[in-house]
$ cat run_28.pdb   # PDB, C-alpha atoms
MODEL        1
ATOM      1  CA  ASP A   1      -5.607   6.317   1.772  1.00  0.00           C
ATOM      2  CA  LEU A   2      -7.477   3.256   3.019  1.00  0.00           C
ATOM      3  CA  VAL A   3      -6.934  -0.505   2.808  1.00  0.00           C
ATOM      4  CA  ILE A   4     -10.132  -2.517   2.323  1.00  0.00           C
ATOM      5  CA  ALA A   5     -10.543  -6.276   2.689  1.00  0.00           C
ATOM      6  CA  GLN A   6     -13.375  -8.741   2.984  1.00  0.00           C
ATOM      7  CA  LEU A   7     -13.466 -12.253   4.391  1.00  0.00           C
ATOM      8  CA  GLU A   8     -13.610 -13.868   0.955  1.00  0.00           C
ATOM      9  CA  LEU A   9      -9.938 -12.885   0.694  1.00  0.00           C
ATOM     10  CA  ASP A  10      -7.307 -15.305   1.977  1.00  0.00           C
ATOM     11  CA  MET A  11      -6.976 -14.553   5.704  1.00  0.00           C
ATOM     12  CA  SER A  12      -3.161 -14.399   5.692  1.00  0.00           C
ATOM     13  CA  THR A  13      -3.243 -11.954   2.764  1.00  0.00           C
ATOM     14  CA  ALA A  14      -5.729  -9.704   4.572  1.00  0.00           C
ATOM     15  CA  GLN A  15      -3.669  -9.863   7.782  1.00  0.00           C
ATOM     16  CA  GLU A  16      -0.468  -8.905   5.983  1.00  0.00           C
ATOM     17  CA  ALA A  17      -2.151  -6.061   4.076  1.00  0.00           C
ATOM     18  CA  PHE A  18      -3.613  -4.676   7.310  1.00  0.00           C
ATOM     19  CA  ARG A  19      -0.302  -5.084   9.156  1.00  0.00           C
ATOM     20  CA  ILE A  20       1.500  -3.077   6.476  1.00  0.00           C
ATOM     21  CA  ALA A  21      -1.277  -0.468   6.427  1.00  0.00           C
ATOM     22  CA  GLN A  22      -1.088   0.015  10.182  1.00  0.00           C
ATOM     23  CA  TYR A  23       2.684   0.307  10.035  1.00  0.00           C
ATOM     24  CA  GLN A  24       2.236   3.038   7.406  1.00  0.00           C
ATOM     25  CA  GLY A  25      -0.523   4.755   9.441  1.00  0.00           C
ATOM     26  CA  ILE A  26      -3.188   3.934   6.861  1.00  0.00           C
ATOM     27  CA  PRO A  27      -6.695   3.126   8.179  1.00  0.00           C
ATOM     28  CA  THR A  28      -8.083  -0.347   7.579  1.00  0.00           C
ATOM     29  CA  PHE A  29     -11.651  -1.234   6.560  1.00  0.00           C
ATOM     30  CA  LEU A  30     -13.015  -4.772   6.857  1.00  0.00           C
ATOM     31  CA  ASN A  31     -16.210  -5.993   5.237  1.00  0.00           C
ATOM     32  CA  ILE A  32     -17.013  -9.065   7.344  1.00  0.00           C
ATOM     33  CA  ALA A  33     -18.835 -10.846   4.552  1.00  0.00           C
ATOM     34  CA  PRO A  34     -19.174 -13.738   4.746  1.00  0.00           C
ATOM     35  CA  VAL A  35     -19.093 -14.130   8.541  1.00  0.00           C
ATOM     36  CA  PRO A  36     -17.370 -17.383   9.522  1.00  0.00           C
ATOM     37  CA  GLN A  37     -19.072 -19.835  11.851  1.00  0.00           C
ATOM     38  CA  MET A  38     -16.382 -19.377  14.507  1.00  0.00           C
ATOM     39  CA  ILE A  39     -14.175 -16.499  15.515  1.00  0.00           C
ATOM     40  CA  ASP A  40     -10.752 -18.114  15.457  1.00  0.00           C
ATOM     41  CA  SER A  41      -7.298 -16.766  16.279  1.00  0.00           C
ATOM     42  CA  GLN A  42      -6.681 -15.690  12.662  1.00  0.00           C
ATOM     43  CA  LEU A  43      -9.850 -13.628  12.572  1.00  0.00           C
ATOM     44  CA  LEU A  44      -9.097 -12.141  15.992  1.00  0.00           C
ATOM     45  CA  GLN A  45      -5.666 -11.121  14.707  1.00  0.00           C
ATOM     46  CA  LEU A  46      -7.295  -9.459  11.692  1.00  0.00           C
ATOM     47  CA  PHE A  47      -9.775  -7.685  13.997  1.00  0.00           C
ATOM     48  CA  GLU A  48      -6.870  -6.315  16.059  1.00  0.00           C
ATOM     49  CA  SER A  49      -5.660  -4.411  13.015  1.00  0.00           C
ATOM     50  CA  THR A  50      -9.124  -3.335  11.792  1.00  0.00           C
ATOM     51  CA  ASP A  51     -10.134   0.292  12.293  1.00  0.00           C
ATOM     52  CA  ILE A  52     -13.474   0.257  10.475  1.00  0.00           C
ATOM     53  CA  ILE A  53     -15.785  -2.719  10.177  1.00  0.00           C
ATOM     54  CA  CYS A  54     -18.825  -3.009   7.931  1.00  0.00           C
ATOM     55  CA  ALA A  55     -21.551  -5.634   7.906  1.00  0.00           C
ATOM     56  CA  ASN A  56     -25.160  -6.091   6.983  1.00  0.00           C
ATOM     57  CA  HIS A  57     -27.729  -6.726   9.724  1.00  0.00           C
ATOM     58  CA  ILE A  58     -27.507 -10.529   9.494  1.00  0.00           C
ATOM     59  CA  GLU A  59     -23.697 -10.550   9.526  1.00  0.00           C
ATOM     60  CA  MET A  60     -23.590  -8.139  12.475  1.00  0.00           C
ATOM     61  CA  LYS A  61     -26.064 -10.281  14.429  1.00  0.00           C
ATOM     62  CA  GLN A  62     -23.790 -13.279  13.865  1.00  0.00           C
ATOM     63  CA  LEU A  63     -20.764 -11.322  15.046  1.00  0.00           C
ATOM     64  CA  LEU A  64     -22.597  -9.981  18.107  1.00  0.00           C
ATOM     65  CA  GLU A  65     -23.463 -13.535  19.150  1.00  0.00           C
ATOM     66  CA  TYR A  66     -19.820 -13.998  20.122  1.00  0.00           C
ATOM     67  CA  HIS A  67     -17.759 -12.508  22.931  1.00  0.00           C
ATOM     68  CA  ASP A  68     -14.037 -12.034  22.500  1.00  0.00           C
ATOM     69  CA  ASN A  69     -13.677 -15.691  23.599  1.00  0.00           C
ATOM     70  CA  GLY A  70     -15.669 -16.915  20.581  1.00  0.00           C
ATOM     71  CA  ARG A  71     -18.606 -18.263  22.593  1.00  0.00           C
ATOM     72  CA  PRO A  72     -22.241 -17.539  21.714  1.00  0.00           C
ATOM     73  CA  GLU A  73     -24.185 -14.938  23.664  1.00  0.00           C
ATOM     74  CA  GLU A  74     -27.932 -14.390  23.548  1.00  0.00           C
ATOM     75  CA  THR A  75     -28.841 -11.217  21.632  1.00  0.00           C
ATOM     76  CA  SER A  76     -32.088  -9.615  20.527  1.00  0.00           C
ATOM     77  CA  ASP A  77     -32.880  -8.834  16.908  1.00  0.00           C
ATOM     78  CA  ILE A  78     -32.386  -5.103  17.469  1.00  0.00           C
ATOM     79  CA  ILE A  79     -28.790  -3.882  17.409  1.00  0.00           C
ATOM     80  CA  SER A  80     -28.186  -1.192  20.023  1.00  0.00           C
ATOM     81  CA  GLN A  81     -25.597   1.521  20.493  1.00  0.00           C
ATOM     82  CA  GLU A  82     -24.483  -0.292  23.649  1.00  0.00           C
ATOM     83  CA  GLN A  83     -23.852  -3.493  21.682  1.00  0.00           C
ATOM     84  CA  LEU A  84     -21.820  -1.615  19.069  1.00  0.00           C
ATOM     85  CA  HIS A  85     -19.788   0.071  21.811  1.00  0.00           C
ATOM     86  CA  LYS A  86     -19.113  -3.333  23.401  1.00  0.00           C
ATOM     87  CA  LEU A  87     -18.138  -4.731  19.993  1.00  0.00           C
ATOM     88  CA  CYS A  88     -15.588  -1.920  19.588  1.00  0.00           C
ATOM     89  CA  ASP A  89     -14.243  -2.545  23.100  1.00  0.00           C
ATOM     90  CA  ASN A  90     -13.985  -6.309  22.563  1.00  0.00           C
ATOM     91  CA  PHE A  91     -12.333  -6.208  19.159  1.00  0.00           C
ATOM     92  CA  GLY A  92     -10.684  -2.776  18.982  1.00  0.00           C
ATOM     93  CA  PHE A  93     -12.732  -1.247  16.157  1.00  0.00           C
ATOM     94  CA  GLN A  94     -13.043   2.537  15.951  1.00  0.00           C
ATOM     95  CA  THR A  95     -16.041   2.692  13.620  1.00  0.00           C
ATOM     96  CA  VAL A  96     -18.836   0.207  12.903  1.00  0.00           C
ATOM     97  CA  ILE A  97     -20.957   0.564   9.785  1.00  0.00           C
ATOM     98  CA  LEU A  98     -24.143  -1.445   9.583  1.00  0.00           C
ATOM     99  CA  THR A  99     -26.172  -1.733   6.383  1.00  0.00           C
ATOM    100  CA  LEU A 100     -29.886  -2.274   6.912  1.00  0.00           C
ATOM    101  CA  GLY A 101     -31.096  -2.982   3.373  1.00  0.00           C
ATOM    102  CA  PRO A 102     -34.349  -1.106   2.742  1.00  0.00           C
ATOM    103  CA  ASN A 103     -33.988   0.666   6.115  1.00  0.00           C
ATOM    104  CA  GLY A 104     -30.781   2.551   5.305  1.00  0.00           C
ATOM    105  CA  SER A 105     -27.644   2.228   7.414  1.00  0.00           C
ATOM    106  CA  MET A 106     -26.097   3.041  10.789  1.00  0.00           C
ATOM    107  CA  VAL A 107     -22.653   4.369  11.661  1.00  0.00           C
ATOM    108  CA  TYR A 108     -21.281   4.012  15.181  1.00  0.00           C
ATOM    109  CA  ASN A 109     -18.175   5.992  16.113  1.00  0.00           C
ATOM    110  CA  LYS A 110     -16.412   4.860  19.280  1.00  0.00           C
ATOM    111  CA  LYS A 111     -14.339   8.027  19.712  1.00  0.00           C
ATOM    112  CA  ASN A 112     -17.364  10.173  20.516  1.00  0.00           C
ATOM    113  CA  ASP A 113     -19.752   7.272  21.314  1.00  0.00           C
ATOM    114  CA  SER A 114     -22.207   8.445  18.665  1.00  0.00           C
ATOM    115  CA  LEU A 115     -24.675   6.524  16.561  1.00  0.00           C
ATOM    116  CA  PHE A 116     -25.878   7.952  13.269  1.00  0.00           C
ATOM    117  CA  LEU A 117     -28.958   6.580  11.523  1.00  0.00           C
ATOM    118  CA  SER A 118     -28.877   7.184   7.794  1.00  0.00           C
ATOM    119  CA  PRO A 119     -32.281   6.839   6.117  1.00  0.00           C
ATOM    120  CA  PRO A 120     -32.853   4.733   3.036  1.00  0.00           C
ATOM    121  CA  SER A 121     -32.887   6.267  -0.390  1.00  0.00           C
ATOM    122  CA  PRO A 122     -36.291   7.724  -1.168  1.00  0.00           C
ATOM    123  CA  ASN A 123     -35.802   6.707  -4.814  1.00  0.00           C
ATOM    124  CA  VAL A 124     -36.609   2.983  -4.521  1.00  0.00           C
ATOM    125  CA  ARG A 125     -39.938   1.247  -4.099  1.00  0.00           C
ATOM    126  CA  PRO A 126     -40.222  -2.501  -3.484  1.00  0.00           C
ATOM    127  CA  GLU A 127     -41.464  -3.037  -7.032  1.00  0.00           C
ATOM    128  CA  ASP A 128     -38.266  -1.385  -8.371  1.00  0.00           C
ATOM    129  CA  VAL A 129     -35.984  -4.107  -6.953  1.00  0.00           C
ATOM    130  CA  VAL A 130     -34.478  -6.289  -9.685  1.00  0.00           C
ATOM    131  CA  ASP A 131     -31.255  -7.739  -8.223  1.00  0.00           C
ATOM    132  CA  THR A 132     -29.718  -7.118  -4.786  1.00  0.00           C
ATOM    133  CA  VAL A 133     -26.452  -8.947  -5.511  1.00  0.00           C
ATOM    134  CA  GLY A 134     -23.601  -6.450  -5.290  1.00  0.00           C
ATOM    135  CA  ALA A 135     -25.561  -3.834  -3.333  1.00  0.00           C
ATOM    136  CA  GLY A 136     -23.198  -4.172  -0.352  1.00  0.00           C
ATOM    137  CA  ASP A 137     -20.143  -3.732  -2.543  1.00  0.00           C
ATOM    138  CA  SER A 138     -21.655  -0.667  -4.218  1.00  0.00           C
ATOM    139  CA  PHE A 139     -22.488   0.718  -0.760  1.00  0.00           C
ATOM    140  CA  ILE A 140     -18.894   0.285   0.427  1.00  0.00           C
ATOM    141  CA  GLY A 141     -17.406   1.732  -2.753  1.00  0.00           C
ATOM    142  CA  ALA A 142     -19.647   4.789  -2.586  1.00  0.00           C
ATOM    143  CA  LEU A 143     -19.118   5.222   1.163  1.00  0.00           C
ATOM    144  CA  VAL A 144     -15.335   5.179   1.074  1.00  0.00           C
ATOM    145  CA  SER A 145     -15.152   7.260  -2.108  1.00  0.00           C
ATOM    146  CA  LYS A 146     -16.807  10.096  -0.170  1.00  0.00           C
ATOM    147  CA  TRP A 147     -15.024   9.500   3.145  1.00  0.00           C
ATOM    148  CA  LEU A 148     -11.596   9.523   1.480  1.00  0.00           C
ATOM    149  CA  VAL A 149     -12.182  13.052   0.171  1.00  0.00           C
ATOM    150  CA  GLY A 150     -13.107  14.341   3.633  1.00  0.00           C
ATOM    151  CA  VAL A 151     -16.868  13.844   3.715  1.00  0.00           C
ATOM    152  CA  GLU A 152     -18.121  12.913   7.198  1.00  0.00           C
ATOM    153  CA  TRP A 153     -19.513   9.418   7.786  1.00  0.00           C
ATOM    154  CA  GLU A 154     -23.068  10.741   8.094  1.00  0.00           C
ATOM    155  CA  GLU A 155     -23.154  12.289   4.641  1.00  0.00           C
ATOM    156  CA  ALA A 156     -21.059   9.509   3.103  1.00  0.00           C
ATOM    157  CA  SER A 157     -23.401   6.802   4.430  1.00  0.00           C
ATOM    158  CA  TYR A 158     -26.474   8.488   3.006  1.00  0.00           C
ATOM    159  CA  PHE A 159     -24.738   8.876  -0.358  1.00  0.00           C
ATOM    160  CA  ALA A 160     -23.851   5.157  -0.179  1.00  0.00           C
ATOM    161  CA  ASN A 161     -27.496   4.282   0.585  1.00  0.00           C
ATOM    162  CA  VAL A 162     -28.582   6.139  -2.555  1.00  0.00           C
ATOM    163  CA  ILE A 163     -25.952   4.438  -4.730  1.00  0.00           C
ATOM    164  CA  ALA A 164     -26.764   0.959  -3.384  1.00  0.00           C
ATOM    165  CA  ALA A 165     -30.484   1.624  -3.888  1.00  0.00           C
ATOM    166  CA  GLU A 166     -29.869   2.601  -7.492  1.00  0.00           C
ATOM    167  CA  SER A 167     -27.793  -0.544  -8.056  1.00  0.00           C
ATOM    168  CA  ILE A 168     -30.618  -2.901  -7.058  1.00  0.00           C
ATOM    169  CA  LYS A 169     -32.846  -1.508  -9.799  1.00  0.00           C
ATOM    170  CA  HIS A 170     -30.735  -3.294 -12.434  1.00  0.00           C
ATOM    171  CA  GLU A 171     -29.480  -6.787 -13.183  1.00  0.00           C
ATOM    172  CA  GLY A 172     -25.858  -7.634 -12.396  1.00  0.00           C
ATOM    173  CA  THR A 173     -23.224  -6.352 -10.031  1.00  0.00           C
ATOM    174  CA  GLN A 174     -20.740  -3.818 -11.379  1.00  0.00           C
ATOM    175  CA  SER A 175     -22.863  -3.229 -14.461  1.00  0.00           C
ATOM    176  CA  SER A 176     -25.709  -2.100 -12.183  1.00  0.00           C
ATOM    177  CA  TYR A 177     -23.706   0.608 -10.422  1.00  0.00           C
ATOM    178  CA  PRO A 178     -24.887   4.067 -11.428  1.00  0.00           C
ATOM    179  CA  TYR A 179     -22.753   6.822 -12.898  1.00  0.00           C
ATOM    180  CA  LEU A 180     -22.418   9.849 -10.612  1.00  0.00           C
ATOM    181  CA  ASP A 181     -23.984  12.064 -13.272  1.00  0.00           C
ATOM    182  CA  ASN A 182     -27.185  10.004 -12.950  1.00  0.00           C
ATOM    183  CA  VAL A 183     -27.537  10.305  -9.153  1.00  0.00           C
ATOM    184  CA  GLN A 184     -29.068  13.122  -7.138  1.00  0.00           C
ATOM    185  CA  VAL A 185     -28.602  13.109  -3.366  1.00  0.00           C
ATOM    186  CA  ASP A 186     -30.467  15.331  -0.895  1.00  0.00           C
ATOM    187  CA  TYR A 187     -28.460  15.170   2.341  1.00  0.00           C
ATOM    188  CA  ARG A 188     -31.113  17.015   4.339  1.00  0.00           C
ATOM    189  CA  THR A 189     -33.072  13.796   4.878  1.00  0.00           C
ATOM    190  CA  SER A 190     -30.505  12.145   7.175  1.00  0.00           C
ATOM    191  CA  GLU A 191     -30.572  12.221  10.987  1.00  0.00           C
ATOM    192  CA  SER A 192     -28.136  11.766  13.879  1.00  0.00           C
ATOM    193  CA  LYS A 193     -28.483  10.268  17.360  1.00  0.00           C
ATOM    194  CA  GLY A 194     -26.130  10.134  20.289  1.00  0.00           C
TER     195      GLY A 194
ENDMDL
END
$ encode --input "run_28.pdb" --output "structure tokens"
Amino acid sequence: DLVIAQLELDMSTAQEAFRIAQYQGIPTFLNIAPVPQMIDSQLLQLFESTDIICANHIEMKQLLEYHDNGRPEETSDIISQEQLHKLCDNFGFQTVILTLGPNGSMVYNKKNDSLFLSPPSPNVRPEDVVDTVGAGDSFIGALVSKWLVGVEWEEASYFANVIAAESIKHEGTQSSYPYLDNVQVDYRTSESKG
């Protein structure tokens, strides 16, 4: 089981869902899209009950610009393992998932302080891109569908990269998501660091 929320959801609804999930021992997954301009007490409360956080590169950069006191901090454009570790320490996350568009994704696990770089799908060329709207949602759906059946984050993130890459080849959001029968994934192309 897993409870997923994103910041387009009413904050009090997300907080209550995560509170109930934690009480039941169910992991919580927060997609921080769209990142608010300020980290307020409501968002901090939601972070306290978030186990897994997912963001794209731009959203993560915005989040990293703030300490736990909500004040900006100077950061470079490159997101490091040290920054992700600090983010987990500041907000209490256990896992950080970062989508990198055409560059794949990263998974940071605080428990063993490991960073996994998942390569992009080899099945998409720039000229194949039709519509990127919904790619993040397809990534998350594919990722958690694998993780919930016991697949490790490394393999699940590569599978999610492939699904998201297939979705951007077509117009629309849900209508662009591929059927599993139409997707082939070679897990040997992924790599781990840390």
$ residues_around --input "run_28.pdb" --residues "Ile78 (chain A)" --least-positions-apart "5" --cutoff "12 Å" --atoms "only C-alpha atoms" --output "tab-separated table (two decimals) with C-alpha atoms, in the frame of the given file"
chain	number	residue	atom	x	y	z
A	57	HIS	CA	-27.73	-6.73	9.72
A	58	ILE	CA	-27.51	-10.53	9.49
A	60	MET	CA	-23.59	-8.14	12.48
A	61	LYS	CA	-26.06	-10.28	14.43
A	64	LEU	CA	-22.60	-9.98	18.11
A	83	GLN	CA	-23.85	-3.49	21.68
A	84	LEU	CA	-21.82	-1.62	19.07
A	98	LEU	CA	-24.14	-1.44	9.58
A	100	LEU	CA	-29.89	-2.27	6.91
$ closest_atom_pairs --input "run_28.pdb" --of "region 128-151 of chain A" --to "region 40-52 of chain A" --cutoff "12 Å" --atoms "only C-alpha atoms" --output "CSV"
residue,atom,partner,partner_atom,distance
A:Ile140,CA,A:Ile52,CA,11.4
A:Leu143,CA,A:Ile52,CA,12.0
A:Val144,CA,A:Ile52,CA,10.8
A:Trp147,CA,A:Ile52,CA,11.9
$ write_last_selection --input "run_28.pdb" --atoms "C-alpha atoms" --output "PDB file, in the frame of the given file"
ATOM      1  CA  ILE A 140     -18.894   0.285   0.427  1.00  0.00           C
ATOM      2  CA  LEU A 143     -19.118   5.222   1.163  1.00  0.00           C
ATOM      3  CA  VAL A 144     -15.335   5.179   1.074  1.00  0.00           C
ATOM      4  CA  TRP A 147     -15.024   9.500   3.145  1.00  0.00           C
TER       5      TRP A 147
END
$ residues_around --input "run_28.pdb" --residues "Asp131 (chain A)" --least-positions-apart "3" --cutoff "7 Å" --atoms "only C-alpha atoms" --output "PyMOL selection string"
chain A and resi 168-172
$ atom_distance --input "run_28.pdb" --atom1 "CA of Phe18 (chain A)" --atom2 "CA of Leu30 (chain A)"
9.4 Å
$ resolve_selection --input "run_28.pdb" --expression "the PyMOL selection byres ((chain A and resi 163) around 7)" --output "ChimeraX atom specification"
/A:138-139,142,159-162,164-167,178
$ atom_distance --input "run_28.pdb" --atom1 "CA of Ile32 (chain A)" --atom2 "CA of Asp128 (chain A)"
27.5 Å
$ closest_residue --input "run_28.pdb" --among "A:Asp137, A:Glu8, A:Asp113, A:Glu155" --to "Cys88 (chain A)" --atoms "only C-alpha atoms"
A:Asp113
$ resolve_selection --input "run_28.pdb" --expression "the PyMOL selection byres ((chain A and resi 26) around 12)" --output "PyMOL selection string"
chain A and resi 1-4+17-25+27-29+49-52+148
